[in-house]
>>> print(open('entry22.csv').read())   # CSV, C-alpha atoms
chain,number,residue,atom,x,y,z
Z,1,MET,CA,33.1,6.7,-20.2
Z,2,LYS,CA,30.5,4.0,-20.4
Z,3,ASP,CA,26.9,4.6,-21.4
Z,4,THR,CA,25.7,4.1,-17.9
Z,5,GLU,CA,28.2,6.6,-16.5
Z,6,ARG,CA,27.3,9.2,-19.0
Z,7,ASN,CA,23.6,8.8,-18.3
Z,8,LEU,CA,24.1,8.9,-14.6
Z,9,ARG,CA,26.0,12.2,-14.9
Z,10,ILE,CA,23.0,13.7,-16.7
Z,11,ALA,CA,20.6,12.1,-14.3
Z,12,GLU,CA,22.4,13.7,-11.3
Z,13,SER,CA,22.3,17.1,-12.9
Z,14,ILE,CA,18.6,16.9,-13.8
Z,15,GLN,CA,17.7,15.7,-10.3
Z,16,ALA,CA,19.8,18.4,-8.6
Z,17,LYS,CA,19.0,21.4,-10.9
Z,18,PHE,CA,16.0,20.3,-13.0
Z,19,ALA,CA,18.2,21.2,-15.9
Z,20,TRP,CA,20.9,19.9,-18.2
Z,21,ASN,CA,22.9,21.6,-20.9
Z,22,GLY,CA,20.7,24.7,-21.0
Z,23,ARG,CA,17.5,22.7,-21.1
Z,24,SER,CA,15.1,22.8,-18.1
Z,25,PHE,CA,12.6,20.2,-16.9
Z,26,HIS,CA,9.5,20.2,-14.8
Z,27,GLU,CA,9.0,18.1,-11.7
Z,28,GLY,CA,7.1,14.9,-12.6
Z,29,GLN,CA,8.4,14.6,-16.1
Z,30,PHE,CA,10.2,11.4,-17.2
Z,31,VAL,CA,13.4,11.7,-19.2
Z,32,ALA,CA,14.9,8.9,-21.3
Z,33,LEU,CA,18.7,8.8,-21.6
Z,34,LEU,CA,20.8,6.8,-24.1
Z,35,ASP,CA,24.6,7.2,-24.7
Z,36,GLY,CA,24.7,10.4,-22.7
Z,37,LYS,CA,21.9,12.0,-24.7
Z,38,ILE,CA,18.3,12.8,-24.0
Z,39,VAL,CA,16.2,10.8,-26.4
Z,40,ALA,CA,12.7,11.7,-24.9
Z,41,VAL,CA,10.9,13.7,-22.4
Z,42,ALA,CA,7.4,12.4,-21.4
Z,43,ASP,CA,4.6,12.7,-18.9
Z,44,THR,CA,4.5,9.0,-18.1
Z,45,PRO,CA,7.2,6.4,-17.5
Z,46,ASP,CA,5.6,4.2,-20.1
Z,47,SER,CA,5.9,6.8,-22.8
Z,48,ALA,CA,9.5,7.5,-21.9
Z,49,ILE,CA,10.4,3.8,-21.9
Z,50,SER,CA,8.6,3.2,-25.2
Z,51,ALA,CA,10.7,6.0,-26.8
Z,52,LEU,CA,13.9,4.6,-25.3
Z,53,ARG,CA,13.2,1.1,-26.6
Z,54,ALA,CA,12.3,2.5,-30.0
Z,55,ALA,CA,15.8,4.0,-30.0
Z,56,ASP,CA,17.5,0.9,-28.7
Z,57,SER,CA,15.6,-2.4,-28.0
Z,58,ASP,CA,18.1,-3.7,-25.5
Z,59,PRO,CA,16.5,-3.4,-21.9
Z,60,GLU,CA,20.0,-3.1,-20.5
Z,61,ARG,CA,20.8,0.0,-22.5
Z,62,GLY,CA,19.8,3.5,-21.5
Z,63,MET,CA,17.9,4.8,-18.5
Z,64,VAL,CA,14.6,6.5,-17.6
Z,65,ILE,CA,14.5,8.9,-14.7
Z,66,GLU,CA,11.8,10.9,-13.1
Z,67,VAL,CA,12.4,14.6,-12.6
Z,68,THR,CA,12.3,14.9,-8.9
Z,69,HIS,CA,14.6,15.5,-6.0
Z,70,PRO,CA,16.4,12.4,-4.8
Z,71,VAL,CA,14.4,10.5,-2.1
Z,72,VAL,CA,16.0,7.9,0.2
Z,73,ASP,CA,14.0,4.7,0.3
Z,74,VAL,CA,13.4,3.3,3.8
Z,75,ILE,CA,12.7,-0.3,4.4
Z,76,ARG,CA,11.9,-0.8,8.1
Y,77,MET,CA,-14.3,-7.1,-9.6
Y,78,ALA,CA,-14.0,-4.4,-7.0
Y,79,ALA,CA,-11.5,-6.1,-4.7
Y,80,VAL,CA,-9.1,-9.0,-4.8
Y,81,TYR,CA,-8.2,-11.0,-1.6
Y,82,PHE,CA,-5.0,-12.8,-0.6
Y,83,ARG,CA,-4.9,-15.3,2.3
Y,84,SER,CA,-2.4,-14.1,4.8
Y,85,LEU,CA,0.5,-16.1,6.1
Y,86,ASP,CA,0.8,-16.7,9.8
Y,87,GLU,CA,3.1,-13.8,10.3
Y,88,ALA,CA,2.8,-11.6,7.2
Y,89,GLU,CA,0.5,-10.2,4.7
Y,90,VAL,CA,1.2,-11.2,1.1
Y,91,ILE,CA,-0.1,-10.4,-2.4
Y,92,ASP,CA,0.3,-12.1,-5.7
Y,93,VAL,CA,1.3,-9.7,-8.6
Y,94,GLU,CA,2.0,-10.6,-12.2
Y,95,PHE,CA,5.0,-8.9,-13.8
Y,96,LEU,CA,5.3,-8.6,-17.6
Y,97,LYS,CA,8.5,-9.6,-19.3
Y,98,PRO,CA,9.8,-7.1,-21.9
Y,99,ARG,CA,10.2,-9.8,-24.5
Y,100,GLY,CA,6.9,-11.4,-23.9
Y,101,GLY,CA,5.3,-13.6,-21.2
Y,102,ALA,CA,4.8,-12.9,-17.5
Y,103,ARG,CA,5.9,-14.1,-14.0
Y,104,LEU,CA,3.6,-14.3,-11.0
Y,105,LEU,CA,5.5,-13.2,-7.9
Y,106,ARG,CA,4.4,-13.4,-4.2
Y,107,LEU,CA,5.3,-10.2,-2.4
Y,108,LEU,CA,5.3,-9.4,1.3
Y,109,VAL,CA,3.3,-6.3,2.1
Y,110,ASP,CA,5.3,-3.7,4.1
Y,111,SER,CA,3.6,-0.2,4.4
Y,112,GLY,CA,6.7,0.9,6.3
Y,113,PHE,CA,8.7,0.6,3.1
Y,114,THR,CA,8.6,4.2,1.8
Y,115,GLY,CA,10.2,6.2,-1.0
Y,116,LYS,CA,9.9,6.3,-4.7
Y,117,SER,CA,10.6,2.6,-5.2
Y,118,SER,CA,7.5,0.4,-5.1
Y,119,VAL,CA,8.8,-3.1,-4.8
Y,120,VAL,CA,11.9,-5.0,-3.9
Y,121,LEU,CA,12.7,-8.0,-6.2
Y,122,GLY,CA,15.6,-10.5,-6.3
Y,123,ARG,CA,18.4,-10.5,-8.8
Y,124,ASP,CA,16.6,-13.2,-10.9
Y,125,ALA,CA,13.9,-10.6,-11.6
Y,126,SER,CA,16.4,-8.6,-13.8
Y,127,GLU,CA,14.6,-10.2,-16.8
Y,128,LEU,CA,11.5,-8.1,-15.9
Y,129,VAL,CA,13.3,-4.8,-16.2
Y,130,ARG,CA,12.1,-2.6,-19.1
Y,131,ALA,CA,14.7,0.2,-18.5
Y,132,GLN,CA,17.2,1.1,-15.8
Y,133,VAL,CA,16.6,3.8,-13.2
Y,134,SER,CA,19.4,5.7,-11.5
Y,135,PRO,CA,20.4,3.9,-8.2
Y,136,THR,CA,19.0,5.2,-5.0
Y,137,GLN,CA,20.2,5.3,-1.4
Y,138,VAL,CA,18.3,2.9,0.9
Y,139,SER,CA,18.3,2.7,4.6
Y,140,GLY,CA,16.9,0.2,7.0
Y,141,ALA,CA,16.7,-3.6,6.3
Y,142,LEU,CA,18.5,-2.8,3.0
Y,143,GLN,CA,21.4,-0.3,3.0
Y,144,GLY,CA,23.4,1.7,0.6
Y,145,ALA,CA,23.0,2.4,-3.1
Y,146,GLN,CA,20.7,-0.1,-4.8
Y,147,ASP,CA,20.2,-0.9,-8.4
Y,148,ARG,CA,16.7,-0.2,-9.7
Y,149,GLY,CA,14.6,-0.7,-12.8
Y,150,TRP,CA,11.2,0.1,-14.3
Y,151,VAL,CA,8.9,-2.9,-14.3
Y,152,THR,CA,5.3,-3.3,-15.4
Y,153,CYS,CA,3.0,-5.3,-13.3
Y,154,ARG,CA,-0.7,-6.2,-13.2
Y,155,VAL,CA,-3.5,-7.6,-11.1
Y,156,LEU,CA,-5.8,-9.3,-13.6
Y,157,GLU,CA,-8.8,-9.5,-11.3
Y,158,LEU,CA,-8.9,-5.7,-10.9
Y,159,SER,CA,-8.0,-5.0,-14.6
Y,160,PHE,CA,-5.1,-3.1,-13.0
Y,161,GLN,CA,-1.7,-2.5,-14.7
Y,162,CYS,CA,1.0,0.0,-13.8
Y,163,THR,CA,4.7,0.7,-14.4
Y,164,ILE,CA,6.7,1.1,-11.2
Y,165,ILE,CA,10.2,1.3,-9.9
Y,166,ALA,CA,11.7,-2.0,-8.5
Y,167,ILE,CA,14.8,-2.3,-6.4
Y,168,ILE,CA,16.7,-5.3,-7.8
Y,169,THR,CA,18.9,-6.8,-5.1
Y,170,ASP,CA,20.0,-9.8,-3.1
Y,171,THR,CA,16.8,-10.4,-1.1
Y,172,SER,CA,18.4,-13.0,1.2
Y,173,VAL,CA,19.2,-10.3,3.7
Y,174,LEU,CA,15.4,-9.6,4.1
Y,175,SER,CA,14.6,-13.0,5.6
Y,176,LEU,CA,11.5,-13.4,3.5
Y,177,PRO,CA,9.1,-16.3,4.3
Y,178,PRO,CA,9.4,-19.4,2.1
Y,179,GLY,CA,7.7,-18.9,-1.2
Y,180,VAL,CA,7.8,-15.1,-1.0
Y,181,HIS,CA,9.8,-13.5,-3.8
Y,182,GLY,CA,10.1,-9.8,-2.7
Y,183,MET,CA,8.3,-6.9,-1.0
Y,184,ALA,CA,5.7,-4.4,-1.9
Y,185,GLY,CA,5.9,-1.0,-0.3
Y,186,LEU,CA,3.6,2.0,0.4
Y,187,SER,CA,4.2,3.5,-3.1
Y,188,PHE,CA,2.8,0.3,-4.6
Y,189,LEU,CA,-0.2,0.1,-2.2
Y,190,ARG,CA,-1.1,3.7,-3.0
Y,191,GLN,CA,-1.7,2.8,-6.6
Y,192,PHE,CA,-5.1,1.4,-5.3
Y,193,ALA,CA,-8.1,3.2,-3.9
Y,194,ARG,CA,-8.2,1.0,-0.8
Y,195,TRP,CA,-6.0,-1.7,0.7
Y,196,GLY,CA,-5.8,-3.4,4.1
Y,197,ALA,CA,-6.2,-6.6,6.1
Y,198,GLU,CA,-9.3,-8.1,7.6
Y,199,LYS,CA,-10.1,-11.0,9.8
Y,200,THR,CA,-12.6,-13.6,8.5
Y,201,ALA,CA,-13.9,-16.9,9.8
Y,202,ASN,CA,-11.1,-18.5,7.9
Y,203,GLY,CA,-8.4,-16.3,9.2
Y,204,TRP,CA,-6.7,-13.1,8.1
Y,205,ARG,CA,-6.7,-11.9,4.5
Y,206,PHE,CA,-5.3,-8.9,2.7
Y,207,PHE,CA,-7.2,-7.0,0.0
Y,208,LEU,CA,-6.6,-4.5,-2.8
Y,209,SER,CA,-9.5,-2.6,-4.2
Y,210,ASN,CA,-9.9,-0.1,-7.0
Y,211,THR,CA,-13.1,1.3,-5.7
Y,212,HIS,CA,-13.7,3.7,-2.8
Y,213,ASP,CA,-16.5,1.9,-1.0
>>> encode(input="entry22.csv", output="structure tokens")
Amino acid sequence: MKDTERNLRIAESIQAKFAWNGRSFHEGQFVALLDGKIVAVADTPDSAISALRAADSDPERGMVIEVTHPVVDVIR
Amino acid sequence: MAAVYFRSLDEAEVIDVEFLKPRGGARLLRLLVDSGFTGKSSVVLGRDASELVRAQVSPTQVSGALQGAQDRGWVTCRVLELSFQCTIIAIITDTSVLSLPPGVHGMAGLSFLRQFARWGAEKTANGWRFFLSNTHD
């Protein structure tokens, strides 16, 4: 399973249950994911992105998600 | 400066926003203002804006002028005149389906506009203009 697929599986769990692997999260937190692992939990996207880039400087690696229920974007 | 003004196009409101590149430098992009673009994502940018993405975001479902699951990323943008800077979610996609006016690189939605204290359009002696403001009066 690729890095992105592993991260997406965690992201889906966090956004559905606000939890992953026994760890719970609060709405509005930002979670940095890399290689299927949580590398940081922060209160701002900038803090989470900084922690992710400290772990891996490649902008194409990893993911930062907001702990929130999925929202459909509408472009009228 | 309390407000920054952008001359409107004949059929659309536009704003100029500078996006920071993760590896240094910046790109100034002209965005069509669409307060009917709602959701967590703040802007829509073309595929060539992938170089601006600081980190990926999980894809989201989009309905309307764009449809289906869309790739997204965190981007940092600024409006120098307002000393304003923020990190927002951008949909990165093929913008040709949006029929944007010439010279317009993407769209800014309600989530972007609400980063500011006030925003809107007004008619002047020289025509319409759009403004962003970081003060309440």
>>> interface_residues(input="entry22.csv", of="chain Z", to="chain Y", cutoff="6 Å", atoms="all atoms listed in the file", output="VMD selection string")
chain Z and resid 59 63 to 65 72 to 76
>>> atom_distance(input="entry22.csv", atom1="atom CA of Ser209 of chain Y", atom2="atom CA of Phe82 of chain Y")
11.7 Å
>>> closest_residue(input="entry22.csv", among="Y:Leu108, Y:Val90, Y:Leu186, Y:Ile168", to="Phe206 of chain Y", atoms="all atoms listed in the file")
Y:Val90
>>> closest_residue(input="entry22.csv", among="Z:Arg61, Z:Lys17, Z:Arg53, Z:His69", to="Gly36 of chain Z", atoms="all atoms listed in the file")
Z:Arg61
>>> residues_around(input="entry22.csv", residues="Ala55 of chain Z", least_positions_apart="4", cutoff="10 Å", atoms="only C-alpha atoms", output="list in words")
Leu34, Val39, Ala40, Ile49, Ser50, Ala51, Arg61 and Gly62 of chain Z
>>> residues_around(input="entry22.csv", residues="Arg194 of chain Y", least_positions_apart="4", cutoff="7 Å", atoms="only C-alpha atoms", output="PyMOL selection string")
chain Y and resi 208-212
>>> atom_distance(input="entry22.csv", atom1="atom CA of Phe160 of chain Y", atom2="atom CA of Trp195 of chain Y")
13.8 Å
>>> atom_distance(input="entry22.csv", atom1="atom CA of Ala78 of chain Y", atom2="atom CA of Pro177 of chain Y")
28.3 Å
>>> residues_around(input="entry22.csv", residues="Val93 of chain Y", least_positions_apart="6", cutoff="10 Å", atoms="all atoms listed in the file", output="list in words")
Arg103, Leu104, Leu105, Arg106, Leu107, Cys153, Arg154, Val155, Leu156, Gln161 and Ala184 of chain Y
>>> residues_around(input="entry22.csv", residues="Thr68 of chain Z", least_positions_apart="5", cutoff="9 Å", atoms="all atoms listed in the file", output="ChimeraX atom specification")
/Z:14-16,18,26-29
>>> decode(input="entry22.csv", residues="segment 133-198 of chain Y", atoms="C-alpha atoms", output="PDB file, in the first residue's frame")
ATOM      1  CA  VAL Y 133      -5.106  17.346   1.856  1.00  0.00           C
ATOM      2  CA  SER Y 134      -7.479  14.419   1.492  1.00  0.00           C
ATOM      3  CA  PRO Y 135      -9.614  14.818  -1.669  1.00  0.00           C
ATOM      4  CA  THR Y 136     -13.116  16.201  -1.321  1.00  0.00           C
ATOM      5  CA  GLN Y 137     -16.353  15.703  -3.177  1.00  0.00           C
ATOM      6  CA  VAL Y 138     -17.361  18.744  -5.217  1.00  0.00           C
ATOM      7  CA  SER Y 139     -20.670  19.496  -6.859  1.00  0.00           C
ATOM      8  CA  GLY Y 140     -21.717  22.171  -9.316  1.00  0.00           C
ATOM      9  CA  ALA Y 141     -19.426  23.602 -11.969  1.00  0.00           C
ATOM     10  CA  LEU Y 142     -16.778  21.102 -10.829  1.00  0.00           C
ATOM     11  CA  GLN Y 143     -17.868  17.580  -9.994  1.00  0.00           C
ATOM     12  CA  GLY Y 144     -16.562  14.495  -8.240  1.00  0.00           C
ATOM     13  CA  ALA Y 145     -13.511  13.911  -6.039  1.00  0.00           C
ATOM     14  CA  GLN Y 146     -10.959  16.694  -6.444  1.00  0.00           C
ATOM     15  CA  ASP Y 147      -7.301  16.821  -5.431  1.00  0.00           C
ATOM     16  CA  ARG Y 148      -6.494  19.424  -2.791  1.00  0.00           C
ATOM     17  CA  GLY Y 149      -3.484  20.948  -1.111  1.00  0.00           C
ATOM     18  CA  TRP Y 150      -2.501  23.475   1.546  1.00  0.00           C
ATOM     19  CA  VAL Y 151      -1.230  26.729   0.068  1.00  0.00           C
ATOM     20  CA  THR Y 152      -0.069  29.923   1.732  1.00  0.00           C
ATOM     21  CA  CYS Y 153      -1.158  33.225   0.244  1.00  0.00           C
ATOM     22  CA  ARG Y 154      -0.857  36.882   1.104  1.00  0.00           C
ATOM     23  CA  VAL Y 155      -2.191  40.325   0.249  1.00  0.00           C
ATOM     24  CA  LEU Y 156       0.770  42.567   0.877  1.00  0.00           C
ATOM     25  CA  GLU Y 157      -1.199  45.833   1.020  1.00  0.00           C
ATOM     26  CA  LEU Y 158      -3.150  44.489   4.015  1.00  0.00           C
ATOM     27  CA  SER Y 159      -0.200  42.733   5.669  1.00  0.00           C
ATOM     28  CA  PHE Y 160      -2.421  39.685   5.395  1.00  0.00           C
ATOM     29  CA  GLN Y 161      -1.186  36.090   5.125  1.00  0.00           C
ATOM     30  CA  CYS Y 162      -2.991  32.795   5.615  1.00  0.00           C
ATOM     31  CA  THR Y 163      -2.746  29.100   4.855  1.00  0.00           C
ATOM     32  CA  ILE Y 164      -5.808  27.737   3.081  1.00  0.00           C
ATOM     33  CA  ILE Y 165      -7.034  24.712   1.163  1.00  0.00           C
ATOM     34  CA  ALA Y 166      -6.845  24.877  -2.633  1.00  0.00           C
ATOM     35  CA  ILE Y 167      -8.585  22.554  -5.066  1.00  0.00           C
ATOM     36  CA  ILE Y 168      -6.016  21.725  -7.741  1.00  0.00           C
ATOM     37  CA  THR Y 169      -7.738  20.795 -10.980  1.00  0.00           C
ATOM     38  CA  ASP Y 170      -8.206  21.372 -14.692  1.00  0.00           C
ATOM     39  CA  THR Y 171      -9.763  24.853 -14.638  1.00  0.00           C
ATOM     40  CA  SER Y 172     -10.667  24.843 -18.338  1.00  0.00           C
ATOM     41  CA  VAL Y 173     -14.140  23.531 -17.441  1.00  0.00           C
ATOM     42  CA  LEU Y 174     -14.803  26.715 -15.427  1.00  0.00           C
ATOM     43  CA  SER Y 175     -14.688  29.004 -18.484  1.00  0.00           C
ATOM     44  CA  LEU Y 176     -12.682  31.623 -16.623  1.00  0.00           C
ATOM     45  CA  PRO Y 177     -12.148  35.010 -18.304  1.00  0.00           C
ATOM     46  CA  PRO Y 178      -8.794  35.551 -20.042  1.00  0.00           C
ATOM     47  CA  GLY Y 179      -6.006  36.320 -17.581  1.00  0.00           C
ATOM     48  CA  VAL Y 180      -7.854  34.784 -14.642  1.00  0.00           C
ATOM     49  CA  HIS Y 181      -6.061  31.838 -13.059  1.00  0.00           C
ATOM     50  CA  GLY Y 182      -8.634  30.435 -10.654  1.00  0.00           C
ATOM     51  CA  MET Y 183     -11.459  31.158  -8.219  1.00  0.00           C
ATOM     52  CA  ALA Y 184     -11.743  32.433  -4.656  1.00  0.00           C
ATOM     53  CA  GLY Y 185     -14.728  31.262  -2.627  1.00  0.00           C
ATOM     54  CA  LEU Y 186     -16.612  32.245   0.501  1.00  0.00           C
ATOM     55  CA  SER Y 187     -14.128  30.523   2.807  1.00  0.00           C
ATOM     56  CA  PHE Y 188     -11.385  32.790   1.424  1.00  0.00           C
ATOM     57  CA  LEU Y 189     -13.471  35.970   1.583  1.00  0.00           C
ATOM     58  CA  ARG Y 190     -14.346  35.311   5.220  1.00  0.00           C
ATOM     59  CA  GLN Y 191     -10.689  35.564   6.169  1.00  0.00           C
ATOM     60  CA  PHE Y 192     -11.304  39.327   5.968  1.00  0.00           C
ATOM     61  CA  ALA Y 193     -13.377  41.641   8.158  1.00  0.00           C
ATOM     62  CA  ARG Y 194     -15.184  43.120   5.140  1.00  0.00           C
ATOM     63  CA  TRP Y 195     -15.377  42.444   1.426  1.00  0.00           C
ATOM     64  CA  GLY Y 196     -17.611  43.508  -1.422  1.00  0.00           C
ATOM     65  CA  ALA Y 197     -18.079  45.442  -4.630  1.00  0.00           C
ATOM     66  CA  GLU Y 198     -18.830  49.123  -5.129  1.00  0.00           C
TER      67      GLU Y 198
END
